[in-house]
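Notes to accompany the following structure.
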Amino acid sequence: MRLNSVIGALLFSSDQPLTLEALWALVEADFPQHTRQDVAQVLTELEKRVTGWGLKLESNALGYRIQVAPDCLDWVHQLYEQTPPRLSRALLETLVIIAHRQPITRAEIEAIRGVSVSSALMNQLKNYDWIKAAGVKEVPGHPTLWVTTPRLLQDLGLPSKQALVAQLDKLVKQHETEEGIEVRAL
Amino acid sequence: MRLNSVIGALLFSSDQPLTLEALWALVEADFPQHTRQDVAQVLTELEKRVTGWGLKLESNALGYRIQVAPDCLDWVHQLYEQTPPRLSRALLETLVIIAHRQPITRAEIEAIRGVSVSSALMNQLKNYDWIKAAGVKEVPGHPTLWVTTPRLLQDLGLPSKQALVAQLDKLVKQHETEEGIEVRAL
Amino acid sequence: MSDALQLSFPFAIVQGTVLNEAPQGLYIPPNALKVMLAEFEGPLDLLSYLIRLNKFDIRDIPVFEVAKQYQAYLAMMEQLDIELAGEYLFMAAWLTEIKSRLLLPKAPNQENDGDEEDPRAELVEKLLEYEAYQHAAKWLGELDIVGRDIWPICLCVPPAPGLQPTLNAAQLWQALHQVLQRSRQRKAHQVRQEVFDIGDKINLILQRLGDTPLFLWQLVSCHEGRLGLVVTFMAILELTYRRQIMLMQTDAFADLAICRPDYAFE
């Protein structure tokens, strides 16, 4: 058995990105004559191998993953007879508020946005499996509390909920402090 | 855009076999200068291309499909023990149709999904103990009728089959009203 | 505070166009304006837009001017039949309230801690908070999102025997959503296809029409569906208009009989 085959099989069938470490840990025992460096070498070759075949070896903080080349996405959407999700401004705003303030009730989201949040929008977020109910708030009416899901992190390519919240914290604070500068710059 | 790329992207991202006809139908409009024969040619090249990388291009009566090479399966199973893979779209879609329309025959599922449902997929659902046969339909050919099992309810954390069907009914209605809104907004 | 009162601004500025009076002679096509106005995500979004557009300092909003422009926008939206959420009117009332509080003379002993007493403070805080989330939403929207911008490859491998995968309800609901969306796409697709040509139907009717009347049901077949029926019906109307056929009905709601124009009634 060649290392190429095993690395290829693993990358093509993994649900999650795989780091070099994770790949090495999976093959180490069976390929004692190889090193981590060989795995890295295989990845470089694989990258060349898939180029021109509608695929791309993507590597980011989470690891390596094979994905459809961006210019072929339209055909894949066509295959699944699915329109890519349209993420409206309302949806993105609601989602970041939930992500940053979780757990949060719909009324609290509405208070921040200054406008009501439609059920259709909440359903869309639930359908994407990006938010889920997590109990109720102990106030009159017992409104549902919403939190984000692990699926959201996977779909956004973020390592953890903490990382997401920290990033949002940073953006929100950044806006508040840079605000004065921005106005003068306009 | 090259035909290779599009065919590659389609085959690698499809969760079921694609016939030459199906592939051709998907690309025909965008590649007017090509023929079915060119697609067949691309498939031959692709087969060579994936060999030695833990993959194989399988073809049978249902069509072409890229699969992990059998001799690499052990490593993939090892990976899945650490991070269980997401269930495939085809499997989840089939399961939800059975759950909603039970008792239902395979032909009826296929009519709703608009694509064929493989025996392997039905067997997988049976192996997981999520569906079971419940008699036959009194039509020519006496096809098996499928229903969901108590195990499925248990895995989903739902109290009864009625609760499952009611929830699915609710989602279908929701979808219909949202569709109505969208049409009016256009 | 008083300088806010003295500022003189145009009635409204729409996409850089200065309007000095009620927006009746707008040269912006009403449809484009409607789209733009309908895009506001609520009163905070509209207010934030107005403040940015006028380059006002958000921490020192000239409330009188902003309120005037806000009202002008609401009036435009109403004129264009944009359904206004109650929150827009609530905000208008709030702005009016802030205005009236600004007009109240300050008690002499409060002159030094005016900032804490600023009636605008709460609104500014809400605006800043909302804008911060808009800023964050923009960041999120620009990420590569799986399913929209990214399609990971995950070949389906049958699990090792005996391994039971985990299933959660959300996955199942999402699968249903996909099935429904696809069937909708398919329907939309079918409507777009021009499967039936009226010309073909006209020829068919003329070919089949003999000395005896034809009935509508003889001209349509099941597999053509509703669209086939509609096209056939249109062909019949066209032929009637051209006086190439004649229509008869023996009773209300009876079958339509199609005959030659020279058909002799008994």
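Going by the structure tokens order, chains are called A, B, ..., each with residues numbered from 1, while ligands are numbered from 1 in the order shown.
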
I want to know what sits within 7 Å of Lys132 of chain B, based on only C-alpha atoms, with residues of the same chain fewer than 3 positions away left out; could you give that as a ChimeraX atom specification? /B:126,146-149

Let me see the file: selected residues, C-alpha atoms, as a PDB file, in the first residue's frame.
ATOM      1  CA  LYS B 126     -32.250  -0.939   7.493  1.00  0.00           C
ATOM      2  CA  TRP B 146     -41.477   1.005   4.299  1.00  0.00           C
ATOM      3  CA  VAL B 147     -42.078   2.580   7.685  1.00  0.00           C
ATOM      4  CA  THR B 148     -39.846   4.055  10.380  1.00  0.00           C
ATOM      5  CA  THR B 149     -38.841   2.179  13.542  1.00  0.00           C
TER       6      THR B 149
END

Residue list (helix (DSSP H, G or I), DSSP) for segment 124-174 of chain A, as JSON, numbers by chain: {"A": [124, 125, 126, 127, 150, 151, 152, 153, 154, 155, 156, 161, 162, 163, 164, 165, 166, 167, 168, 169, 170, 171, 172, 173, 174]}

With C-alpha atoms retained, could you export that selection as an mmCIF file, in the first residue's frame?
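again_20.cif written:
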data_model
loop_
_atom_site.group_PDB
_atom_site.id
_atom_site.type_symbol
_atom_site.label_atom_id
_atom_site.label_comp_id
_atom_site.auth_asym_id
_atom_site.auth_seq_id
_atom_site.Cartn_x
_atom_site.Cartn_y
_atom_site.Cartn_z
ATOM 1 C CA GLN A 124 -34.299 29.845 7.581
ATOM 2 C CA LEU A 125 -31.555 29.941 10.205
ATOM 3 C CA LYS A 126 -32.942 26.777 11.768
ATOM 4 C CA ASN A 127 -33.189 25.081 8.372
ATOM 5 C CA PRO A 150 -21.474 23.408 15.714
ATOM 6 C CA ARG A 151 -22.665 23.237 12.106
ATOM 7 C CA LEU A 152 -22.451 27.031 11.840
ATOM 8 C CA LEU A 153 -18.806 26.927 12.871
ATOM 9 C CA GLN A 154 -18.101 24.183 10.333
ATOM 10 C CA ASP A 155 -19.892 26.046 7.570
ATOM 11 C CA LEU A 156 -18.050 29.277 8.352
ATOM 12 C CA LYS A 161 -17.542 29.110 19.348
ATOM 13 C CA GLN A 162 -15.033 31.033 21.447
ATOM 14 C CA ALA A 163 -13.156 32.080 18.330
ATOM 15 C CA LEU A 164 -16.381 33.282 16.736
ATOM 16 C CA VAL A 165 -17.456 35.267 19.795
ATOM 17 C CA ALA A 166 -13.974 36.735 20.203
ATOM 18 C CA GLN A 167 -13.901 37.837 16.566
ATOM 19 C CA LEU A 168 -17.340 39.441 16.884
ATOM 20 C CA ASP A 169 -16.267 41.139 20.120
ATOM 21 C CA LYS A 170 -13.308 42.583 18.328
ATOM 22 C CA LEU A 171 -15.390 43.833 15.402
ATOM 23 C CA VAL A 172 -18.029 45.376 17.639
ATOM 24 C CA LYS A 173 -15.433 47.150 19.809
ATOM 25 C CA GLN A 174 -13.495 48.216 16.734
#

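Closest approach to chain C among A:Ala61, A:Leu79, A:Leu23, A:Met122: A:Leu79, based on only C-alpha atoms.
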
Could you list the residues in chain B lying within 8 Å of chain A, using only C-alpha atoms, and format the result as number ranges by chain? B: 1-2, 4-10, 13-14, 26-27, 49, 52-55, 68-69, 72-73, 75-76, 78-80, 83, 85-86, 178

Store the residues picked out above in a file with N, CA, C and O atoms, as a short mmCIF file (atom, residue, chain, number, x, y, z; two decimals), in the first residue's frame.
data_model
loop_
_atom_site.label_atom_id
_atom_site.label_comp_id
_atom_site.auth_asym_id
_atom_site.auth_seq_id
_atom_site.Cartn_x
_atom_site.Cartn_y
_atom_site.Cartn_z
N MET B 1 -13.69 27.52 -19.38
CA MET B 1 -13.94 26.36 -18.52
C MET B 1 -13.78 25.08 -19.34
O MET B 1 -14.30 24.95 -20.43
N ARG B 2 -13.03 24.15 -18.77
CA ARG B 2 -12.82 22.91 -19.51
C ARG B 2 -13.81 21.84 -19.06
O ARG B 2 -14.22 21.80 -17.90
N ASN B 4 -13.26 18.73 -18.57
CA ASN B 4 -12.65 17.92 -17.49
C ASN B 4 -13.05 18.43 -16.12
O ASN B 4 -13.41 17.66 -15.24
N SER B 5 -12.89 19.72 -15.92
CA SER B 5 -13.13 20.31 -14.62
C SER B 5 -14.58 20.11 -14.19
O SER B 5 -14.86 19.73 -13.06
N VAL B 6 -15.49 20.39 -15.12
CA VAL B 6 -16.90 20.31 -14.76
C VAL B 6 -17.30 18.87 -14.47
O VAL B 6 -17.97 18.57 -13.47
N ILE B 7 -16.86 17.94 -15.30
CA ILE B 7 -17.20 16.52 -15.08
C ILE B 7 -16.58 16.05 -13.75
O ILE B 7 -17.21 15.36 -12.96
N GLY B 8 -15.34 16.46 -13.50
CA GLY B 8 -14.69 16.10 -12.24
C GLY B 8 -15.46 16.62 -11.05
O GLY B 8 -15.79 15.87 -10.13
N ALA B 9 -15.80 17.91 -11.09
CA ALA B 9 -16.53 18.52 -9.97
C ALA B 9 -17.85 17.79 -9.74
O ALA B 9 -18.24 17.51 -8.61
N LEU B 10 -18.56 17.48 -10.83
CA LEU B 10 -19.86 16.82 -10.70
C LEU B 10 -19.72 15.42 -10.10
O LEU B 10 -20.43 15.05 -9.17
N SER B 13 -18.64 15.46 -6.38
CA SER B 13 -19.57 16.02 -5.40
C SER B 13 -20.91 15.30 -5.38
O SER B 13 -21.71 15.53 -4.48
N SER B 14 -21.16 14.44 -6.35
CA SER B 14 -22.45 13.76 -6.38
C SER B 14 -22.52 12.68 -5.31
O SER B 14 -21.56 11.96 -5.10
N LEU B 26 -26.39 17.59 -17.90
CA LEU B 26 -25.98 18.69 -17.03
C LEU B 26 -25.04 19.67 -17.72
O LEU B 26 -24.99 20.84 -17.37
N VAL B 27 -24.25 19.18 -18.68
CA VAL B 27 -23.23 20.05 -19.28
C VAL B 27 -23.54 20.47 -20.71
O VAL B 27 -22.94 21.42 -21.22
N ARG B 49 -6.62 9.02 -13.87
CA ARG B 49 -6.17 10.10 -12.99
C ARG B 49 -6.30 9.72 -11.51
O ARG B 49 -5.45 10.09 -10.71
N GLY B 52 -4.31 5.00 -8.00
CA GLY B 52 -3.11 5.22 -7.20
C GLY B 52 -3.30 6.28 -6.13
O GLY B 52 -2.38 6.57 -5.36
N TRP B 53 -4.49 6.85 -6.06
CA TRP B 53 -4.75 7.87 -5.04
C TRP B 53 -5.86 7.44 -4.09
O TRP B 53 -6.56 8.29 -3.52
N GLY B 54 -6.01 6.13 -3.95
CA GLY B 54 -6.99 5.63 -2.98
C GLY B 54 -8.41 5.73 -3.46
O GLY B 54 -9.35 5.62 -2.67
N LEU B 55 -8.57 5.95 -4.77
CA LEU B 55 -9.92 6.12 -5.31
C LEU B 55 -10.11 5.20 -6.49
O LEU B 55 -9.15 4.72 -7.08
N VAL B 68 -14.03 5.31 -2.65
CA VAL B 68 -12.75 5.02 -2.03
C VAL B 68 -12.36 3.58 -2.41
O VAL B 68 -13.20 2.68 -2.40
N ALA B 69 -11.09 3.38 -2.77
CA ALA B 69 -10.63 2.04 -3.14
C ALA B 69 -10.78 1.11 -1.94
O ALA B 69 -10.48 1.49 -0.81
N CYS B 72 -8.29 0.76 0.87
CA CYS B 72 -8.00 1.90 1.74
C CYS B 72 -9.08 2.11 2.80
O CYS B 72 -9.00 3.03 3.62
N LEU B 73 -10.11 1.26 2.74
CA LEU B 73 -11.26 1.46 3.62
C LEU B 73 -10.91 1.43 5.10
O LEU B 73 -11.48 2.18 5.90
N TRP B 75 -8.38 2.51 6.73
CA TRP B 75 -7.90 3.80 7.24
C TRP B 75 -9.05 4.79 7.40
O TRP B 75 -9.10 5.55 8.34
N VAL B 76 -9.97 4.74 6.41
CA VAL B 76 -11.11 5.64 6.48
C VAL B 76 -11.98 5.30 7.70
O VAL B 76 -12.44 6.19 8.42
N GLN B 78 -10.99 4.03 10.40
CA GLN B 78 -10.24 4.50 11.57
C GLN B 78 -10.51 6.00 11.79
O GLN B 78 -10.74 6.45 12.91
N LEU B 79 -10.49 6.74 10.66
CA LEU B 79 -10.78 8.18 10.73
C LEU B 79 -12.19 8.41 11.26
O LEU B 79 -12.42 9.27 12.10
N TYR B 80 -13.14 7.61 10.76
CA TYR B 80 -14.54 7.79 11.14
C TYR B 80 -14.80 7.47 12.61
O TYR B 80 -15.76 7.93 13.19
N THR B 83 -13.84 10.96 14.07
CA THR B 83 -14.85 11.94 13.71
C THR B 83 -15.89 11.26 12.83
O THR B 83 -15.67 11.10 11.63
N PRO B 85 -18.62 10.62 10.32
CA PRO B 85 -18.98 11.47 9.19
C PRO B 85 -20.44 11.90 9.28
O PRO B 85 -21.24 11.23 9.91
N ARG B 86 -20.72 12.98 8.64
CA ARG B 86 -22.10 13.41 8.50
C ARG B 86 -22.79 12.39 7.60
O ARG B 86 -22.18 11.83 6.69
N GLU B 178 -43.95 30.27 3.20
CA GLU B 178 -42.81 31.11 2.86
C GLU B 178 -42.65 31.24 1.36
O GLU B 178 -42.27 32.27 0.84
#

For a quick test of understanding: name the residues of chain C lying within 10 Å of chain B when counting only C-alpha atoms, and present them as a VMD selection string. chain C and resid 151 to 184 186

I'd like to know which residues of segment 81-185 of chain A are strand (DSSP E) (by DSSP, run on the backbone); could you write them as a short mmCIF file (atom, residue, chain, number, x, y, z; two decimals) with C-alpha atoms, in the first residue's frame?
data_model
loop_
_atom_site.label_atom_id
_atom_site.label_comp_id
_atom_site.auth_asym_id
_atom_site.auth_seq_id
_atom_site.Cartn_x
_atom_site.Cartn_y
_atom_site.Cartn_z
CA ILE A 131 -29.10 28.12 15.32
CA LYS A 132 -31.01 25.97 17.76
CA ALA A 133 -33.23 26.42 20.79
CA ALA A 134 -31.49 25.96 24.11
CA GLY A 135 -34.09 26.14 26.82
CA VAL A 136 -36.23 29.09 27.78
CA THR A 144 -37.03 30.43 23.77
CA LEU A 145 -33.32 31.08 24.09
CA TRP A 146 -31.30 30.73 20.89
CA VAL A 147 -27.70 29.64 20.47
CA THR A 148 -25.51 28.83 17.47
#

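Across the model, the gap from atom CA of Ile51 of chain C to atom CA of Tyr130 of chain C is 13.5 Å.
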
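Across the model, the gap from atom CA of Gln102 of chain A to atom CA of Trp94 of chain C is 28.6 Å.
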